[in-house]
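Following: one structure in C-alpha cells, then a few remarks.
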Amino acid sequence: MKINIWEMTFLVCMVVSFVIRIPYDSKYRKNTFTDNRKTNLEKFLLAAVGIGMMLIPLIYIFSRVFDFANYSGESWMGFLGVGAFLSGIYFFAKSHADLGLNWSPTLQIREKHSLVTVGVYKYIRHPMYSSIWLWAIAQAFLLQNWIAGFSGIVAFGLMYFLRVPQEEKMMLDHFGEEYRGYMKQTGRVFPRIW
Ligand SMILES: C[S@@+](CC[C@H](N)C(=O)[O-])C[C@H]1O[C@@H](n2cnc3c(N)ncnc32)[C@H](O)[C@@H]1O
C-alpha cells in the first residue's frame, strides 16, 4: 500500500473534521428535543453520506478494490483540493462554534432552541453545508479515482437537495416570521449579494 500526498491530505483533513465535531457531539447527546424529524429518509441520507464521503474513500486509500477506476490527474488538481478542504474546515469549525448547543446532526429542535443569525449565519443560512460541499469538491480533486473521487458529491448532493427544503420547513414551523425574515437577508450556501 502506497498513499500519495493528496490521499494523505484527505485523510488528515477528515480526521481534523472529526476532532472538531467531538465536543459538540458530546453536548448534543445531553439535549432534550421538542421536535424530532429523524425519519427513515434522514437515516438513509446520513448513511449515504457516511458511505460516500468516508467509507468509500477509506476503502480506496487502504485497498486496491477501486484501482480499476483510477486516472492520473494533474498536480494543480491536488493543490485545488487542499485549498477547498482547508476552507471547508474553517467553515465547518466556524459554523459549529456559531450554532453551539443548537447544533444537531439531523432535523431536530431542542428545548430552548434559539435561532442563530450571527457569525457566519449572518450571511449564509447553511454554512455547515457549504463546508461539506467544499469537502466533497476537495474529495474529487484529491482522490484521483472515478468512484472514490465522486462518491462524495453524489452522496452529499442527494442529502443537500432532499434535506434543505425539510430543514427550512422545520425552522419556519418553529420560528415563523423571524425565520422568514432571516431567509430574505441570507443566501443558502453563498452570501446573498443582490
Ligand atoms: C446539521 S445542522 C446544519 C445547520 C445548517 N443547515 C448549516 O448548514 O449550517 C442541522 C440543525 O441545525 C439547526 N439549525 C439550522 N439552522 C439554524 C439556525 N440558523 N439557528 C439555530 N439552529 C439552526 C436545526 O436544528 C437543524 O436540525
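Residue names in the C-alpha cells use chain letters A, B, ... in the order shown, residue numbers from 1 in each chain, and ligand numbers from 1 in the order shown.
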
Please check which protein, DNA or RNA residues sit within 9 Å of ligand 1, counting only C-alpha atoms and all ligand atoms, and write them as an mmCIF file with N, CA and C atoms, in the first residue's frame.
data_model
loop_
_atom_site.group_PDB
_atom_site.id
_atom_site.type_symbol
_atom_site.label_atom_id
_atom_site.label_comp_id
_atom_site.auth_asym_id
_atom_site.auth_seq_id
_atom_site.Cartn_x
_atom_site.Cartn_y
_atom_site.Cartn_z
ATOM 1 N N ASN A 36 -38.535 16.091 16.764
ATOM 2 C CA ASN A 36 -37.519 15.208 16.202
ATOM 3 C C ASN A 36 -38.011 14.709 14.847
ATOM 4 N N ARG A 37 -37.357 15.157 13.762
ATOM 5 C CA ARG A 37 -37.796 14.759 12.413
ATOM 6 C C ARG A 37 -36.778 13.829 11.760
ATOM 7 N N PHE A 91 -14.917 26.779 7.644
ATOM 8 C CA PHE A 91 -16.368 26.993 7.757
ATOM 9 C C PHE A 91 -17.042 25.923 8.625
ATOM 10 N N PHE A 92 -16.487 24.729 8.616
ATOM 11 C CA PHE A 92 -17.023 23.645 9.453
ATOM 12 C C PHE A 92 -16.873 24.021 10.927
ATOM 13 N N SER A 95 -19.042 27.288 11.783
ATOM 14 C CA SER A 95 -20.483 27.072 11.867
ATOM 15 C C SER A 95 -20.834 26.265 13.122
ATOM 16 N N HIS A 96 -19.994 25.317 13.520
ATOM 17 C CA HIS A 96 -20.242 24.593 14.773
ATOM 18 C C HIS A 96 -20.166 25.566 15.950
ATOM 19 N N ASP A 98 -20.639 28.800 15.970
ATOM 20 C CA ASP A 98 -21.760 29.757 15.960
ATOM 21 C C ASP A 98 -23.078 29.092 16.385
ATOM 22 N N LEU A 99 -23.302 27.848 15.963
ATOM 23 C CA LEU A 99 -24.554 27.158 16.340
ATOM 24 C C LEU A 99 -24.540 26.709 17.797
ATOM 25 N N GLY A 100 -23.344 26.346 18.282
ATOM 26 C CA GLY A 100 -23.196 25.928 19.682
ATOM 27 C C GLY A 100 -24.152 24.801 20.040
ATOM 28 N N LEU A 101 -24.908 24.987 21.132
ATOM 29 C CA LEU A 101 -25.796 23.928 21.627
ATOM 30 C C LEU A 101 -26.955 23.646 20.669
ATOM 31 N N ASN A 102 -27.200 24.547 19.722
ATOM 32 C CA ASN A 102 -28.308 24.338 18.771
ATOM 33 C C ASN A 102 -27.945 23.365 17.657
ATOM 34 N N TRP A 103 -26.664 22.951 17.612
ATOM 35 C CA TRP A 103 -26.257 22.022 16.554
ATOM 36 C C TRP A 103 -26.874 20.634 16.775
ATOM 37 N N SER A 104 -27.271 20.044 15.671
ATOM 38 C CA SER A 104 -27.761 18.669 15.698
ATOM 39 C C SER A 104 -27.357 18.031 14.367
ATOM 40 N N PRO A 105 -27.029 16.723 14.348
ATOM 41 C CA PRO A 105 -26.620 16.110 13.075
ATOM 42 C C PRO A 105 -27.798 15.853 12.135
ATOM 43 N N THR A 106 -29.008 15.999 12.668
ATOM 44 C CA THR A 106 -30.190 15.709 11.854
ATOM 45 C C THR A 106 -31.239 16.797 12.081
ATOM 46 N N LEU A 107 -32.482 16.527 11.690
ATOM 47 C CA LEU A 107 -33.519 17.558 11.785
ATOM 48 C C LEU A 107 -34.216 17.493 13.135
ATOM 49 N N GLN A 108 -33.775 18.338 14.055
ATOM 50 C CA GLN A 108 -34.314 18.323 15.414
ATOM 51 C C GLN A 108 -34.336 19.734 15.987
ATOM 52 N N ILE A 109 -35.305 19.970 16.862
ATOM 53 C CA ILE A 109 -35.356 21.227 17.614
ATOM 54 C C ILE A 109 -35.252 20.851 19.087
ATOM 55 N N ARG A 110 -34.302 21.454 19.772
ATOM 56 C CA ARG A 110 -34.120 21.103 21.187
ATOM 57 C C ARG A 110 -34.926 22.044 22.073
ATOM 58 N N HIS A 113 -34.267 25.973 22.077
ATOM 59 C CA HIS A 113 -33.577 26.207 20.809
ATOM 60 C C HIS A 113 -33.699 27.690 20.453
ATOM 61 N N SER A 114 -32.597 28.293 20.035
ATOM 62 C CA SER A 114 -32.706 29.693 19.593
ATOM 63 C C SER A 114 -32.237 29.791 18.147
ATOM 64 N N LEU A 115 -32.799 30.767 17.431
ATOM 65 C CA LEU A 115 -32.418 30.962 16.029
ATOM 66 C C LEU A 115 -31.108 31.750 15.991
ATOM 67 N N VAL A 116 -30.084 31.156 15.383
ATOM 68 C CA VAL A 116 -28.773 31.814 15.297
ATOM 69 C C VAL A 116 -28.721 32.620 14.001
ATOM 70 N N THR A 117 -28.450 33.912 14.121
ATOM 71 C CA THR A 117 -28.374 34.779 12.921
ATOM 72 C C THR A 117 -27.101 35.628 12.979
ATOM 73 N N VAL A 118 -26.147 35.180 13.773
ATOM 74 C CA VAL A 118 -24.898 35.943 13.916
ATOM 75 C C VAL A 118 -23.729 35.094 13.438
ATOM 76 N N VAL A 120 -21.163 33.527 11.044
ATOM 77 C CA VAL A 120 -21.271 33.198 9.617
ATOM 78 C C VAL A 120 -22.744 33.062 9.195
ATOM 79 N N TYR A 121 -23.630 32.804 10.192
ATOM 80 C CA TYR A 121 -25.069 32.687 9.902
ATOM 81 C C TYR A 121 -25.707 34.035 9.554
ATOM 82 N N LYS A 122 -24.948 35.110 9.755
ATOM 83 C CA LYS A 122 -25.466 36.430 9.364
ATOM 84 C C LYS A 122 -25.568 36.528 7.828
ATOM 85 N N ILE A 124 -25.084 33.479 5.595
ATOM 86 C CA ILE A 124 -25.472 32.219 4.926
ATOM 87 C C ILE A 124 -26.350 31.406 5.884
ATOM 88 N N ARG A 125 -27.419 30.818 5.368
ATOM 89 C CA ARG A 125 -28.291 30.006 6.218
ATOM 90 C C ARG A 125 -27.708 28.624 6.489
ATOM 91 N N HIS A 126 -26.879 28.119 5.552
ATOM 92 C CA HIS A 126 -26.394 26.737 5.694
ATOM 93 C C HIS A 126 -24.867 26.656 5.516
ATOM 94 N N PRO A 127 -24.124 27.389 6.354
ATOM 95 C CA PRO A 127 -22.664 27.382 6.193
ATOM 96 C C PRO A 127 -22.033 26.011 6.434
ATOM 97 N N MET A 128 -22.686 25.190 7.291
ATOM 98 C CA MET A 128 -22.125 23.855 7.514
ATOM 99 C C MET A 128 -22.233 23.033 6.227
ATOM 100 N N TYR A 129 -23.350 23.216 5.500
ATOM 101 C CA TYR A 129 -23.491 22.509 4.227
ATOM 102 C C TYR A 129 -22.522 23.090 3.187
ATOM 103 N N SER A 130 -22.245 24.412 3.250
ATOM 104 C CA SER A 130 -21.214 24.975 2.349
ATOM 105 C C SER A 130 -19.899 24.254 2.605
ATOM 106 N N SER A 131 -19.590 24.039 3.904
ATOM 107 C CA SER A 131 -18.301 23.412 4.233
ATOM 108 C C SER A 131 -18.283 21.955 3.756
ATOM 109 N N ILE A 132 -19.436 21.289 3.818
ATOM 110 C CA ILE A 132 -19.449 19.880 3.377
ATOM 111 C C ILE A 132 -19.366 19.804 1.843
ATOM 112 N N VAL A 164 -32.504 20.070 2.676
ATOM 113 C CA VAL A 164 -32.625 21.517 2.929
ATOM 114 C C VAL A 164 -34.082 22.015 2.905
ATOM 115 N N GLU A 167 -35.520 21.012 6.184
ATOM 116 C CA GLU A 167 -34.925 21.743 7.314
ATOM 117 C C GLU A 167 -35.513 23.160 7.384
ATOM 118 N N GLU A 168 -35.650 23.800 6.219
ATOM 119 C CA GLU A 168 -36.188 25.170 6.216
ATOM 120 C C GLU A 168 -37.667 25.154 6.634
ATOM 121 N N MET A 170 -38.971 23.019 8.763
ATOM 122 C CA MET A 170 -38.949 22.829 10.224
ATOM 123 C C MET A 170 -38.637 24.151 10.936
ATOM 124 N N MET A 171 -37.671 24.898 10.392
ATOM 125 C CA MET A 171 -37.306 26.176 11.025
ATOM 126 C C MET A 171 -38.469 27.168 10.909
ATOM 127 N N TYR A 179 -37.875 33.524 11.005
ATOM 128 C CA TYR A 179 -37.067 32.772 10.038
ATOM 129 C C TYR A 179 -37.337 33.255 8.614
ATOM 130 N N TYR A 182 -35.336 36.206 8.103
ATOM 131 C CA TYR A 182 -33.926 35.788 8.030
ATOM 132 C C TYR A 182 -33.607 35.222 6.633
ATOM 133 N N ARG A 188 -28.463 30.618 0.690
ATOM 134 C CA ARG A 188 -28.416 29.254 1.242
ATOM 135 C C ARG A 188 -26.976 28.825 1.537
ATOM 136 N N VAL A 189 -26.146 28.737 0.522
ATOM 137 C CA VAL A 189 -24.760 28.315 0.769
ATOM 138 C C VAL A 189 -23.740 29.363 0.323
#

Taking only stretch 12-128 of chain A into account, list the residues labelled alpha helix (DSSP H) by DSSP (computed from the backbone), as an mmCIF file with N, CA and C atoms, in the first residue's frame.
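Saved the output as part.cif:
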data_model
loop_
_atom_site.group_PDB
_atom_site.id
_atom_site.type_symbol
_atom_site.label_atom_id
_atom_site.label_comp_id
_atom_site.auth_asym_id
_atom_site.auth_seq_id
_atom_site.Cartn_x
_atom_site.Cartn_y
_atom_site.Cartn_z
ATOM 1 N N VAL A 12 -5.908 13.376 6.618
ATOM 2 C CA VAL A 12 -5.648 14.307 7.728
ATOM 3 C C VAL A 12 -6.836 15.259 7.897
ATOM 4 N N CYS A 13 -7.333 15.801 6.782
ATOM 5 C CA CYS A 13 -8.466 16.746 6.867
ATOM 6 C C CYS A 13 -9.713 16.052 7.418
ATOM 7 N N MET A 14 -9.907 14.788 7.041
ATOM 8 C CA MET A 14 -11.061 14.041 7.536
ATOM 9 C C MET A 14 -10.952 13.870 9.060
ATOM 10 N N VAL A 15 -9.769 13.532 9.533
ATOM 11 C CA VAL A 15 -9.566 13.353 10.981
ATOM 12 C C VAL A 15 -9.771 14.690 11.710
ATOM 13 N N VAL A 16 -9.244 15.782 11.140
ATOM 14 C CA VAL A 16 -9.414 17.104 11.767
ATOM 15 C C VAL A 16 -10.912 17.422 11.888
ATOM 16 N N SER A 17 -11.688 17.149 10.843
ATOM 17 C CA SER A 17 -13.133 17.419 10.881
ATOM 18 C C SER A 17 -13.810 16.612 11.995
ATOM 19 N N PHE A 18 -13.393 15.359 12.151
ATOM 20 C CA PHE A 18 -13.932 14.527 13.229
ATOM 21 C C PHE A 18 -13.647 15.143 14.585
ATOM 22 N N VAL A 19 -12.403 15.578 14.761
ATOM 23 C CA VAL A 19 -11.976 16.118 16.055
ATOM 24 C C VAL A 19 -12.756 17.398 16.366
ATOM 25 N N ILE A 20 -12.980 18.240 15.347
ATOM 26 C CA ILE A 20 -13.747 19.486 15.550
ATOM 27 C C ILE A 20 -15.130 19.154 16.107
ATOM 28 N N ARG A 21 -15.719 18.071 15.622
ATOM 29 C CA ARG A 21 -17.110 17.755 15.999
ATOM 30 C C ARG A 21 -17.244 17.135 17.388
ATOM 31 N N ILE A 22 -16.185 16.534 17.910
ATOM 32 C CA ILE A 22 -16.291 15.757 19.163
ATOM 33 C C ILE A 22 -16.968 16.528 20.313
ATOM 34 N N PRO A 23 -16.519 17.753 20.660
ATOM 35 C CA PRO A 23 -17.142 18.425 21.815
ATOM 36 C C PRO A 23 -18.619 18.761 21.586
ATOM 37 N N TYR A 24 -18.991 19.069 20.345
ATOM 38 C CA TYR A 24 -20.397 19.399 20.044
ATOM 39 C C TYR A 24 -21.253 18.141 20.133
ATOM 40 N N ASP A 25 -20.676 17.046 19.685
ATOM 41 C CA ASP A 25 -21.411 15.784 19.702
ATOM 42 C C ASP A 25 -21.701 15.359 21.137
ATOM 43 N N SER A 26 -20.729 15.533 22.031
ATOM 44 C CA SER A 26 -20.974 15.082 23.406
ATOM 45 C C SER A 26 -22.006 15.982 24.089
ATOM 46 N N LYS A 27 -22.013 17.289 23.783
ATOM 47 C CA LYS A 27 -23.044 18.166 24.364
ATOM 48 C C LYS A 27 -24.419 17.855 23.742
ATOM 49 N N TYR A 28 -24.421 17.580 22.431
ATOM 50 C CA TYR A 28 -25.669 17.271 21.716
ATOM 51 C C TYR A 28 -26.404 16.092 22.375
ATOM 52 N N ASN A 40 -36.984 7.893 8.350
ATOM 53 C CA ASN A 40 -36.183 6.852 7.693
ATOM 54 C C ASN A 40 -35.380 7.441 6.541
ATOM 55 N N LEU A 41 -35.964 8.446 5.849
ATOM 56 C CA LEU A 41 -35.229 9.093 4.752
ATOM 57 C C LEU A 41 -33.966 9.760 5.311
ATOM 58 N N GLU A 42 -34.116 10.458 6.455
ATOM 59 C CA GLU A 42 -32.966 11.100 7.105
ATOM 60 C C GLU A 42 -31.892 10.058 7.440
ATOM 61 N N LYS A 43 -32.331 8.915 7.995
ATOM 62 C CA LYS A 43 -31.364 7.866 8.369
ATOM 63 C C LYS A 43 -30.624 7.365 7.123
ATOM 64 N N PHE A 44 -31.381 7.215 6.020
ATOM 65 C CA PHE A 44 -30.782 6.761 4.765
ATOM 66 C C PHE A 44 -29.756 7.795 4.257
ATOM 67 N N LEU A 45 -30.137 9.092 4.332
ATOM 68 C CA LEU A 45 -29.243 10.140 3.823
ATOM 69 C C LEU A 45 -27.960 10.214 4.653
ATOM 70 N N LEU A 46 -28.108 10.081 5.989
ATOM 71 C CA LEU A 46 -26.923 10.104 6.859
ATOM 72 C C LEU A 46 -26.003 8.925 6.533
ATOM 73 N N ALA A 47 -26.612 7.756 6.304
ATOM 74 C CA ALA A 47 -25.810 6.569 5.964
ATOM 75 C C ALA A 47 -25.122 6.773 4.612
ATOM 76 N N ALA A 48 -25.858 7.346 3.643
ATOM 77 C CA ALA A 48 -25.281 7.563 2.302
ATOM 78 C C ALA A 48 -24.075 8.499 2.380
ATOM 79 N N VAL A 49 -24.190 9.547 3.207
ATOM 80 C CA VAL A 49 -23.067 10.484 3.334
ATOM 81 C C VAL A 49 -21.868 9.798 3.999
ATOM 82 N N GLY A 50 -22.148 8.983 5.022
ATOM 83 C CA GLY A 50 -21.058 8.250 5.677
ATOM 84 C C GLY A 50 -20.351 7.324 4.687
ATOM 85 N N ILE A 56 -16.152 4.833 1.378
ATOM 86 C CA ILE A 56 -15.591 4.556 0.035
ATOM 87 C C ILE A 56 -14.169 5.148 -0.086
ATOM 88 N N PRO A 57 -13.949 6.422 0.356
ATOM 89 C CA PRO A 57 -12.572 6.926 0.305
ATOM 90 C C PRO A 57 -11.595 6.064 1.103
ATOM 91 N N LEU A 58 -12.008 5.587 2.290
ATOM 92 C CA LEU A 58 -11.087 4.774 3.100
ATOM 93 C C LEU A 58 -10.786 3.440 2.410
ATOM 94 N N ILE A 59 -11.830 2.824 1.831
ATOM 95 C CA ILE A 59 -11.598 1.555 1.112
ATOM 96 C C ILE A 59 -10.640 1.807 -0.055
ATOM 97 N N TYR A 60 -10.859 2.923 -0.758
ATOM 98 C CA TYR A 60 -9.995 3.251 -1.904
ATOM 99 C C TYR A 60 -8.543 3.439 -1.461
ATOM 100 N N ILE A 61 -8.362 4.191 -0.360
ATOM 101 C CA ILE A 61 -6.993 4.517 0.068
ATOM 102 C C ILE A 61 -6.268 3.272 0.611
ATOM 103 N N PHE A 62 -6.998 2.427 1.359
ATOM 104 C CA PHE A 62 -6.321 1.316 2.034
ATOM 105 C C PHE A 62 -6.443 -0.032 1.326
ATOM 106 N N SER A 75 -1.110 17.961 -11.060
ATOM 107 C CA SER A 75 -0.857 18.353 -9.662
ATOM 108 C C SER A 75 -1.676 19.578 -9.246
ATOM 109 N N TRP A 76 -2.088 20.447 -10.215
ATOM 110 C CA TRP A 76 -2.913 21.597 -9.833
ATOM 111 C C TRP A 76 -4.236 21.148 -9.214
ATOM 112 N N MET A 77 -4.682 19.956 -9.605
ATOM 113 C CA MET A 77 -5.937 19.440 -9.030
ATOM 114 C C MET A 77 -5.750 19.175 -7.542
ATOM 115 N N GLY A 78 -4.603 18.609 -7.193
ATOM 116 C CA GLY A 78 -4.302 18.347 -5.786
ATOM 117 C C GLY A 78 -4.252 19.647 -4.990
ATOM 118 N N PHE A 79 -3.586 20.665 -5.543
ATOM 119 C CA PHE A 79 -3.496 21.941 -4.817
ATOM 120 C C PHE A 79 -4.887 22.567 -4.636
ATOM 121 N N LEU A 80 -5.704 22.474 -5.675
ATOM 122 C CA LEU A 80 -7.084 22.995 -5.545
ATOM 123 C C LEU A 80 -7.849 22.239 -4.467
ATOM 124 N N GLY A 81 -7.640 20.929 -4.428
ATOM 125 C CA GLY A 81 -8.303 20.094 -3.421
ATOM 126 C C GLY A 81 -7.890 20.497 -2.014
ATOM 127 N N VAL A 82 -6.597 20.754 -1.818
ATOM 128 C CA VAL A 82 -6.115 21.160 -0.486
ATOM 129 C C VAL A 82 -6.770 22.484 -0.094
ATOM 130 N N GLY A 83 -6.797 23.443 -1.035
ATOM 131 C CA GLY A 83 -7.411 24.757 -0.751
ATOM 132 C C GLY A 83 -8.887 24.599 -0.394
ATOM 133 N N ALA A 84 -9.593 23.748 -1.150
ATOM 134 C CA ALA A 84 -11.029 23.552 -0.893
ATOM 135 C C ALA A 84 -11.234 22.917 0.479
ATOM 136 N N PHE A 85 -10.429 21.909 0.814
ATOM 137 C CA PHE A 85 -10.639 21.233 2.103
ATOM 138 C C PHE A 85 -10.294 22.160 3.264
ATOM 139 N N LEU A 86 -9.201 22.940 3.124
ATOM 140 C CA LEU A 86 -8.828 23.840 4.227
ATOM 141 C C LEU A 86 -9.904 24.898 4.443
ATOM 142 N N SER A 87 -10.430 25.471 3.349
ATOM 143 C CA SER A 87 -11.507 26.462 3.569
ATOM 144 C C SER A 87 -12.755 25.773 4.118
ATOM 145 N N GLY A 88 -13.007 24.542 3.693
ATOM 146 C CA GLY A 88 -14.136 23.790 4.242
ATOM 147 C C GLY A 88 -13.980 23.590 5.744
ATOM 148 N N ILE A 89 -12.772 23.259 6.181
ATOM 149 C CA ILE A 89 -12.539 23.036 7.614
ATOM 150 C C ILE A 89 -12.786 24.334 8.391
ATOM 151 N N TYR A 90 -12.383 25.453 7.822
ATOM 152 C CA TYR A 90 -12.619 26.734 8.505
ATOM 153 C C TYR A 90 -14.134 26.947 8.700
ATOM 154 N N PHE A 91 -14.917 26.779 7.644
ATOM 155 C CA PHE A 91 -16.368 26.993 7.757
ATOM 156 C C PHE A 91 -17.042 25.923 8.625
ATOM 157 N N PHE A 92 -16.487 24.729 8.616
ATOM 158 C CA PHE A 92 -17.023 23.645 9.453
ATOM 159 C C PHE A 92 -16.873 24.021 10.927
ATOM 160 N N ALA A 93 -15.658 24.485 11.292
ATOM 161 C CA ALA A 93 -15.386 24.864 12.689
ATOM 162 C C ALA A 93 -16.209 26.082 13.081
ATOM 163 N N LYS A 94 -16.251 27.072 12.186
ATOM 164 C CA LYS A 94 -16.946 28.332 12.500
ATOM 165 C C LYS A 94 -18.454 28.091 12.649
ATOM 166 N N SER A 95 -19.042 27.288 11.783
ATOM 167 C CA SER A 95 -20.483 27.072 11.867
ATOM 168 C C SER A 95 -20.834 26.265 13.122
ATOM 169 N N HIS A 96 -19.994 25.317 13.520
ATOM 170 C CA HIS A 96 -20.242 24.593 14.773
ATOM 171 C C HIS A 96 -20.166 25.566 15.950
ATOM 172 N N ALA A 97 -19.146 26.419 15.943
ATOM 173 C CA ALA A 97 -18.979 27.363 17.060
ATOM 174 C C ALA A 97 -20.164 28.319 17.123
ATOM 175 N N ASP A 98 -20.639 28.800 15.970
ATOM 176 C CA ASP A 98 -21.760 29.757 15.960
ATOM 177 C C ASP A 98 -23.078 29.092 16.385
ATOM 178 N N LEU A 99 -23.302 27.848 15.963
ATOM 179 C CA LEU A 99 -24.554 27.158 16.340
ATOM 180 C C LEU A 99 -24.540 26.709 17.797
ATOM 181 N N PRO A 127 -24.124 27.389 6.354
ATOM 182 C CA PRO A 127 -22.664 27.382 6.193
ATOM 183 C C PRO A 127 -22.033 26.011 6.434
ATOM 184 N N MET A 128 -22.686 25.190 7.291
ATOM 185 C CA MET A 128 -22.125 23.855 7.514
ATOM 186 C C MET A 128 -22.233 23.033 6.227
#

- request: Using atom CA of A:Leu162 and atom CA of A:Glu7 as the two end points, give the distance in Å to one decimal.
  value: 29.5 Å
